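Chemist: Below is the file model.txt, with compact mmCIF, N, CA and C atoms.
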# COMPACT_ATOMS: atom_id res chain seq x y z
N LEU W 17 60.02 74.73 158.29
CA LEU W 17 58.67 74.40 158.69
C LEU W 17 58.57 72.88 158.75
N SER W 18 58.10 72.38 159.87
CA SER W 18 58.02 70.93 160.03
C SER W 18 56.60 70.47 160.34
N PHE W 19 56.17 69.50 159.57
CA PHE W 19 54.90 68.81 159.82
C PHE W 19 55.16 67.34 160.17
N ARG W 20 56.37 67.01 160.57
CA ARG W 20 56.79 65.63 160.82
C ARG W 20 55.72 64.83 161.58
N MET W 21 55.36 63.70 161.00
CA MET W 21 54.45 62.73 161.60
C MET W 21 53.06 63.28 161.92
N ASN W 22 52.67 64.33 161.25
CA ASN W 22 51.36 64.92 161.49
C ASN W 22 50.39 64.39 160.44
N VAL W 23 49.76 63.29 160.73
CA VAL W 23 48.88 62.63 159.75
C VAL W 23 47.55 63.35 159.57
N SER W 24 47.28 64.36 160.37
CA SER W 24 46.02 65.09 160.22
C SER W 24 46.14 66.23 159.20
N ILE W 25 47.35 66.53 158.74
CA ILE W 25 47.55 67.56 157.72
C ILE W 25 47.32 66.93 156.35
N SER W 26 46.45 67.52 155.57
CA SER W 26 46.08 66.97 154.27
C SER W 26 46.92 67.58 153.15
N ASP W 27 46.79 67.00 151.98
CA ASP W 27 47.43 67.55 150.79
C ASP W 27 46.98 68.99 150.55
N HIS W 28 45.71 69.28 150.81
CA HIS W 28 45.19 70.63 150.60
C HIS W 28 45.85 71.63 151.54
N ALA W 29 46.10 71.21 152.77
CA ALA W 29 46.79 72.09 153.73
C ALA W 29 48.23 72.32 153.30
N VAL W 30 48.90 71.28 152.83
CA VAL W 30 50.27 71.43 152.35
C VAL W 30 50.29 72.38 151.16
N GLU W 31 49.32 72.26 150.27
CA GLU W 31 49.25 73.17 149.12
C GLU W 31 49.04 74.61 149.58
N ALA W 32 48.15 74.83 150.53
CA ALA W 32 47.89 76.18 151.02
C ALA W 32 49.14 76.79 151.65
N VAL W 33 49.83 76.00 152.44
CA VAL W 33 51.04 76.49 153.11
C VAL W 33 52.14 76.77 152.09
N THR W 34 52.37 75.86 151.17
CA THR W 34 53.44 76.06 150.21
C THR W 34 53.12 77.21 149.24
N ARG W 35 51.87 77.36 148.90
CA ARG W 35 51.46 78.48 148.03
C ARG W 35 51.62 79.81 148.77
N GLY W 36 51.28 79.81 150.05
CA GLY W 36 51.35 81.04 150.85
C GLY W 36 52.75 81.42 151.31
N LEU W 37 53.69 80.48 151.24
CA LEU W 37 55.06 80.73 151.68
C LEU W 37 56.04 80.42 150.55
N PRO W 38 56.03 81.21 149.50
CA PRO W 38 56.88 80.89 148.33
C PRO W 38 58.37 80.99 148.60
N ARG W 39 58.77 81.62 149.69
CA ARG W 39 60.19 81.75 150.02
C ARG W 39 60.66 80.68 151.01
N LEU W 40 59.85 79.70 151.24
CA LEU W 40 60.18 78.63 152.17
C LEU W 40 61.48 77.95 151.77
N GLU W 41 62.39 77.78 152.73
CA GLU W 41 63.68 77.17 152.45
C GLU W 41 63.85 75.80 153.08
N MET W 42 63.04 75.48 154.09
CA MET W 42 63.13 74.18 154.76
C MET W 42 61.72 73.64 154.96
N LEU W 43 61.51 72.40 154.56
CA LEU W 43 60.21 71.77 154.72
C LEU W 43 60.39 70.32 155.13
N CYS W 44 59.68 69.93 156.18
CA CYS W 44 59.69 68.55 156.63
C CYS W 44 58.26 68.03 156.60
N VAL W 45 58.04 67.05 155.73
CA VAL W 45 56.74 66.38 155.64
C VAL W 45 56.93 64.88 155.90
N ALA W 46 57.94 64.57 156.70
CA ALA W 46 58.28 63.17 156.97
C ALA W 46 57.16 62.44 157.70
N TRP W 47 56.95 61.20 157.28
CA TRP W 47 55.99 60.29 157.91
C TRP W 47 54.59 60.87 157.94
N MET W 48 54.23 61.57 156.87
CA MET W 48 52.87 62.09 156.75
C MET W 48 52.12 61.25 155.73
N ASP W 49 50.84 61.39 155.73
CA ASP W 49 49.99 60.64 154.81
C ASP W 49 49.68 61.51 153.59
N LEU W 50 50.74 61.91 152.87
CA LEU W 50 50.58 62.75 151.69
C LEU W 50 50.25 61.91 150.47
N GLY W 51 49.71 62.56 149.48
CA GLY W 51 49.43 61.92 148.20
C GLY W 51 50.08 62.70 147.07
N LYS W 52 49.65 62.41 145.87
CA LYS W 52 50.22 63.07 144.69
C LYS W 52 50.02 64.58 144.71
N GLU W 53 48.90 65.04 145.26
CA GLU W 53 48.64 66.47 145.32
C GLU W 53 49.63 67.18 146.22
N GLY W 54 50.03 66.54 147.31
CA GLY W 54 51.03 67.12 148.20
C GLY W 54 52.38 67.25 147.53
N VAL W 55 52.78 66.22 146.80
CA VAL W 55 54.03 66.25 146.05
C VAL W 55 53.97 67.35 144.99
N ALA W 56 52.85 67.44 144.29
CA ALA W 56 52.69 68.47 143.26
C ALA W 56 52.81 69.86 143.87
N ALA W 57 52.23 70.06 145.04
CA ALA W 57 52.30 71.37 145.70
C ALA W 57 53.74 71.73 146.04
N ILE W 58 54.50 70.75 146.54
CA ILE W 58 55.90 71.01 146.88
C ILE W 58 56.67 71.39 145.62
N SER W 59 56.49 70.63 144.56
CA SER W 59 57.25 70.90 143.33
C SER W 59 56.82 72.21 142.67
N GLN W 60 55.56 72.57 142.78
CA GLN W 60 55.06 73.79 142.13
C GLN W 60 55.35 75.07 142.89
N HIS W 61 55.37 74.99 144.22
CA HIS W 61 55.42 76.22 145.02
C HIS W 61 56.68 76.39 145.86
N CYS W 62 57.57 75.44 145.84
CA CYS W 62 58.73 75.49 146.75
C CYS W 62 60.06 75.52 146.00
N ALA W 63 60.16 76.33 145.01
CA ALA W 63 61.38 76.38 144.19
C ALA W 63 62.61 76.82 144.98
N ARG W 64 62.42 77.49 146.10
CA ARG W 64 63.56 77.99 146.89
C ARG W 64 64.00 77.04 148.00
N LEU W 65 63.39 75.88 148.08
CA LEU W 65 63.76 74.94 149.14
C LEU W 65 65.24 74.60 149.08
N ARG W 66 65.87 74.62 150.26
CA ARG W 66 67.25 74.15 150.40
C ARG W 66 67.28 72.81 151.13
N GLU W 67 66.29 72.58 152.01
CA GLU W 67 66.22 71.34 152.77
C GLU W 67 64.82 70.76 152.64
N LEU W 68 64.77 69.47 152.30
CA LEU W 68 63.49 68.77 152.21
C LEU W 68 63.63 67.40 152.85
N ASP W 69 62.78 67.16 153.84
CA ASP W 69 62.71 65.85 154.49
C ASP W 69 61.35 65.27 154.14
N ILE W 70 61.38 64.26 153.30
CA ILE W 70 60.14 63.61 152.86
C ILE W 70 60.23 62.11 153.20
N SER W 71 61.04 61.82 154.22
CA SER W 71 61.27 60.42 154.62
C SER W 71 59.99 59.78 155.14
N GLY W 72 59.93 58.48 154.98
CA GLY W 72 58.78 57.73 155.48
C GLY W 72 57.52 57.87 154.67
N CYS W 73 57.61 58.48 153.52
CA CYS W 73 56.43 58.67 152.66
C CYS W 73 56.48 57.69 151.50
N GLY W 74 56.78 56.46 151.81
CA GLY W 74 57.00 55.44 150.80
C GLY W 74 55.77 55.04 150.01
N ASP W 75 54.59 55.29 150.53
CA ASP W 75 53.39 54.88 149.81
C ASP W 75 53.16 55.67 148.52
N PHE W 76 53.63 56.89 148.48
CA PHE W 76 53.37 57.71 147.30
C PHE W 76 54.63 58.21 146.62
N LEU W 77 55.76 58.24 147.30
CA LEU W 77 56.96 58.82 146.69
C LEU W 77 57.69 57.78 145.85
N ASP W 78 57.58 57.94 144.55
CA ASP W 78 58.25 57.04 143.62
C ASP W 78 59.21 57.86 142.75
N ASP W 79 59.85 57.22 141.79
CA ASP W 79 60.82 57.91 140.93
C ASP W 79 60.20 59.10 140.21
N ALA W 80 59.00 58.96 139.70
CA ALA W 80 58.36 60.05 138.96
C ALA W 80 58.06 61.24 139.87
N ALA W 81 57.58 60.97 141.08
CA ALA W 81 57.28 62.04 142.02
C ALA W 81 58.56 62.79 142.43
N LEU W 82 59.62 62.04 142.71
CA LEU W 82 60.87 62.70 143.09
C LEU W 82 61.46 63.46 141.91
N ALA W 83 61.27 62.96 140.71
CA ALA W 83 61.75 63.67 139.52
C ALA W 83 61.07 65.04 139.41
N ARG W 84 59.76 65.09 139.67
CA ARG W 84 59.04 66.37 139.63
C ARG W 84 59.62 67.34 140.65
N ILE W 85 59.88 66.84 141.84
CA ILE W 85 60.43 67.70 142.89
C ILE W 85 61.82 68.21 142.50
N THR W 86 62.70 67.33 142.07
CA THR W 86 64.07 67.74 141.78
C THR W 86 64.16 68.67 140.57
N LYS W 87 63.24 68.56 139.63
CA LYS W 87 63.25 69.46 138.47
C LYS W 87 62.87 70.88 138.84
N GLU W 88 62.06 71.03 139.88
CA GLU W 88 61.61 72.37 140.29
C GLU W 88 62.39 72.91 141.48
N CYS W 89 62.82 72.05 142.37
CA CYS W 89 63.53 72.47 143.59
C CYS W 89 65.03 72.29 143.39
N THR W 90 65.57 73.06 142.48
CA THR W 90 66.97 72.87 142.07
C THR W 90 67.98 73.44 143.06
N HIS W 91 67.52 74.13 144.10
CA HIS W 91 68.43 74.69 145.10
C HIS W 91 68.62 73.76 146.30
N LEU W 92 68.07 72.56 146.23
CA LEU W 92 68.19 71.64 147.36
C LEU W 92 69.65 71.37 147.72
N GLU W 93 69.94 71.48 149.01
CA GLU W 93 71.25 71.15 149.55
C GLU W 93 71.18 69.86 150.37
N SER W 94 70.01 69.61 150.95
CA SER W 94 69.82 68.44 151.80
C SER W 94 68.48 67.80 151.46
N LEU W 95 68.51 66.48 151.23
CA LEU W 95 67.31 65.74 150.87
C LEU W 95 67.29 64.43 151.64
N ASP W 96 66.21 64.20 152.38
CA ASP W 96 66.05 62.95 153.11
C ASP W 96 64.84 62.21 152.55
N VAL W 97 65.11 61.08 151.91
CA VAL W 97 64.06 60.23 151.37
C VAL W 97 64.16 58.82 151.97
N SER W 98 64.69 58.75 153.17
CA SER W 98 64.80 57.46 153.86
C SER W 98 63.43 56.81 154.00
N ASP W 99 63.42 55.49 153.93
CA ASP W 99 62.19 54.71 154.08
C ASP W 99 61.17 54.96 152.96
N CYS W 100 61.65 55.41 151.82
CA CYS W 100 60.80 55.57 150.64
C CYS W 100 61.14 54.42 149.69
N TYR W 101 60.47 53.32 149.87
CA TYR W 101 60.85 52.05 149.25
C TYR W 101 60.53 51.94 147.75
N LYS W 102 59.85 52.92 147.18
CA LYS W 102 59.55 52.87 145.75
C LYS W 102 60.60 53.57 144.90
N LEU W 103 61.64 54.07 145.52
CA LEU W 103 62.70 54.77 144.79
C LEU W 103 63.73 53.78 144.26
N SER W 104 64.33 54.14 143.14
CA SER W 104 65.35 53.30 142.53
C SER W 104 66.56 54.16 142.16
N ASP W 105 67.46 53.58 141.42
CA ASP W 105 68.63 54.31 140.94
C ASP W 105 68.23 55.54 140.13
N GLU W 106 67.09 55.50 139.49
CA GLU W 106 66.61 56.64 138.70
C GLU W 106 66.46 57.89 139.56
N SER W 107 66.03 57.71 140.79
CA SER W 107 65.86 58.86 141.68
C SER W 107 67.19 59.52 141.98
N VAL W 108 68.21 58.72 142.24
CA VAL W 108 69.54 59.26 142.50
C VAL W 108 70.01 60.03 141.28
N LYS W 109 69.75 59.49 140.11
CA LYS W 109 70.12 60.14 138.86
C LYS W 109 69.43 61.51 138.74
N HIS W 110 68.13 61.58 139.05
CA HIS W 110 67.40 62.84 138.98
C HIS W 110 68.00 63.87 139.92
N VAL W 111 68.33 63.45 141.13
CA VAL W 111 68.90 64.38 142.11
C VAL W 111 70.23 64.93 141.60
N THR W 112 71.10 64.06 141.12
CA THR W 112 72.42 64.52 140.67
C THR W 112 72.34 65.36 139.41
N GLU W 113 71.36 65.12 138.56
CA GLU W 113 71.21 65.90 137.34
C GLU W 113 70.61 67.28 137.56
N HIS W 114 69.70 67.40 138.54
CA HIS W 114 68.95 68.65 138.69
C HIS W 114 69.30 69.47 139.92
N CYS W 115 69.94 68.89 140.89
CA CYS W 115 70.21 69.59 142.15
C CYS W 115 71.72 69.78 142.33
N GLY W 116 72.24 70.78 141.66
CA GLY W 116 73.68 71.02 141.66
C GLY W 116 74.25 71.50 142.97
N HIS W 117 73.39 71.89 143.92
CA HIS W 117 73.85 72.37 145.23
C HIS W 117 73.80 71.29 146.30
N ILE W 118 73.38 70.10 145.92
CA ILE W 118 73.15 69.04 146.92
C ILE W 118 74.43 68.70 147.67
N GLN W 119 74.33 68.63 148.99
CA GLN W 119 75.45 68.28 149.85
C GLN W 119 75.18 67.01 150.64
N GLN W 120 73.90 66.73 150.87
CA GLN W 120 73.55 65.57 151.68
C GLN W 120 72.29 64.91 151.14
N ILE W 121 72.36 63.60 150.95
CA ILE W 121 71.20 62.81 150.55
C ILE W 121 71.11 61.63 151.51
N SER W 122 69.97 61.45 152.14
CA SER W 122 69.75 60.30 153.00
C SER W 122 68.83 59.33 152.29
N LEU W 123 69.34 58.12 152.08
CA LEU W 123 68.61 57.08 151.33
C LEU W 123 68.44 55.81 152.15
N SER W 124 68.48 55.92 153.44
CA SER W 124 68.39 54.73 154.30
C SER W 124 67.11 53.95 154.07
N ARG W 125 67.23 52.66 154.00
CA ARG W 125 66.10 51.74 153.88
C ARG W 125 65.23 52.00 152.65
N CYS W 126 65.84 52.43 151.55
CA CYS W 126 65.14 52.55 150.27
C CYS W 126 65.44 51.26 149.51
N HIS W 127 64.61 50.26 149.70
CA HIS W 127 64.86 48.90 149.18
C HIS W 127 64.60 48.85 147.69
Would you put the structure from the file into structure tokens?

Modeler:
Amino acid sequence: LSFRMNVSISDHAVEAVTRGLPRLEMLCVAWMDLGKEGVAAISQHCARLRELDISGCGDFLDDAALARITKECTHLESLDVSDCYKLSDESVKHVTEHCGHIQQISLSRCH
């Protein structure tokens, strides 16, 4: 399911979709105007995710937010957090500690 660059989709809509689709395996929320509630919805309702593209969401995605996601979405195989400038080495550590199936991580332009 892709919402890429859809700035009209709110955190509440992301929560409704993720709550209604608990078996979701692929989610793209890249370059959206999400907030903490959107991140919480992903971590709470998307435990079966294998692919997550959350690139370009640098305003809200920090180490703590990514830690919440990786602790709940432990089946991730592919993660794109490119252009998320608030991430640090701690985020990489969270991914490697909690996502044992990870095969691909995109970290481009994470300054």

Chemist: So which residues touch Leu68 in chain W within 5 Å, counting all atoms listed in the file, skipping near sequence neighbours fewer than 4 positions away, as a list of chain:residue names?

Modeler: W:Leu43, W:Ser94, W:Leu95, W:Asp96

Chemist: With a distance cut-off of 6 Å and only C-alpha atoms, select the neighbouring residues of range 19-35 of chain W, excluding the residue or stretch itself and same-chain residues fewer than 5 positions from it, and output the selection as a list in words.

Modeler: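 Near neighbours after the sequence-gap exclusion: Cys44, Val45, Ala46, Trp47, Met48, Asp49, Leu50, Glu53, Gly54, Ala57 and His61 of chain W.
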
Chemist: What does the distance between CA of Ser98 in chain W and atom N of Arg84 in chain W come to in Å, to one decimal place?

Modeler: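 These two atoms are separated by 16.9 Å.
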
Chemist: If you run DSSP over the backbone, which residues in chain W end up alpha helix (DSSP H)? Put them as a PyMOL selection string.

Modeler: chain W and resi 27-36+52-61+79-88+105-114

Chemist: Residues of range 29-106 of chain W in strand (DSSP E or B) according to DSSP, as a VMD selection string?

Modeler: chain W and resid 42 to 44 67 to 69 78 94 to 96 102

Chemist: Looking at only N, CA and C atoms, which of W:Thr90, W:Ser18, W:Ser71, W:Gln60 is the one that sits closest to Gly116 in chain W?

Modeler: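 Nearest to Gly116 in chain W: W:Thr90.
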
Chemist: May I ask which of the residues W:Leu82, W:Leu77, W:Leu40, W:Val111 is the closest one to Leu65 in chain W, counting only N, CA and C atoms?

Modeler: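 Checking each candidate against Leu65 in chain W, we get W:Leu40 as the closest.
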
Chemist: Show which residues sit within 7 Å of His110 in chain W, as a list in words. Count all atoms listed in the file, and ignore same-chain residues fewer than 2 positions away.

Modeler: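 Counting only the stated atoms, we get Leu82, Ala83, Thr86, Lys87, Asp105, Glu106, Ser107, Val108, Thr112, Glu113, His114 and Cys115 of chain W.
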
Chemist: Just give me the gap between atom N of Gly51 in chain W and atom C of Lys109 in chain W in Å, one decimal is fine.

Modeler: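 Interatomic distance, atom N of Gly51 in chain W to atom C of Lys109 in chain W: 22.5 Å.
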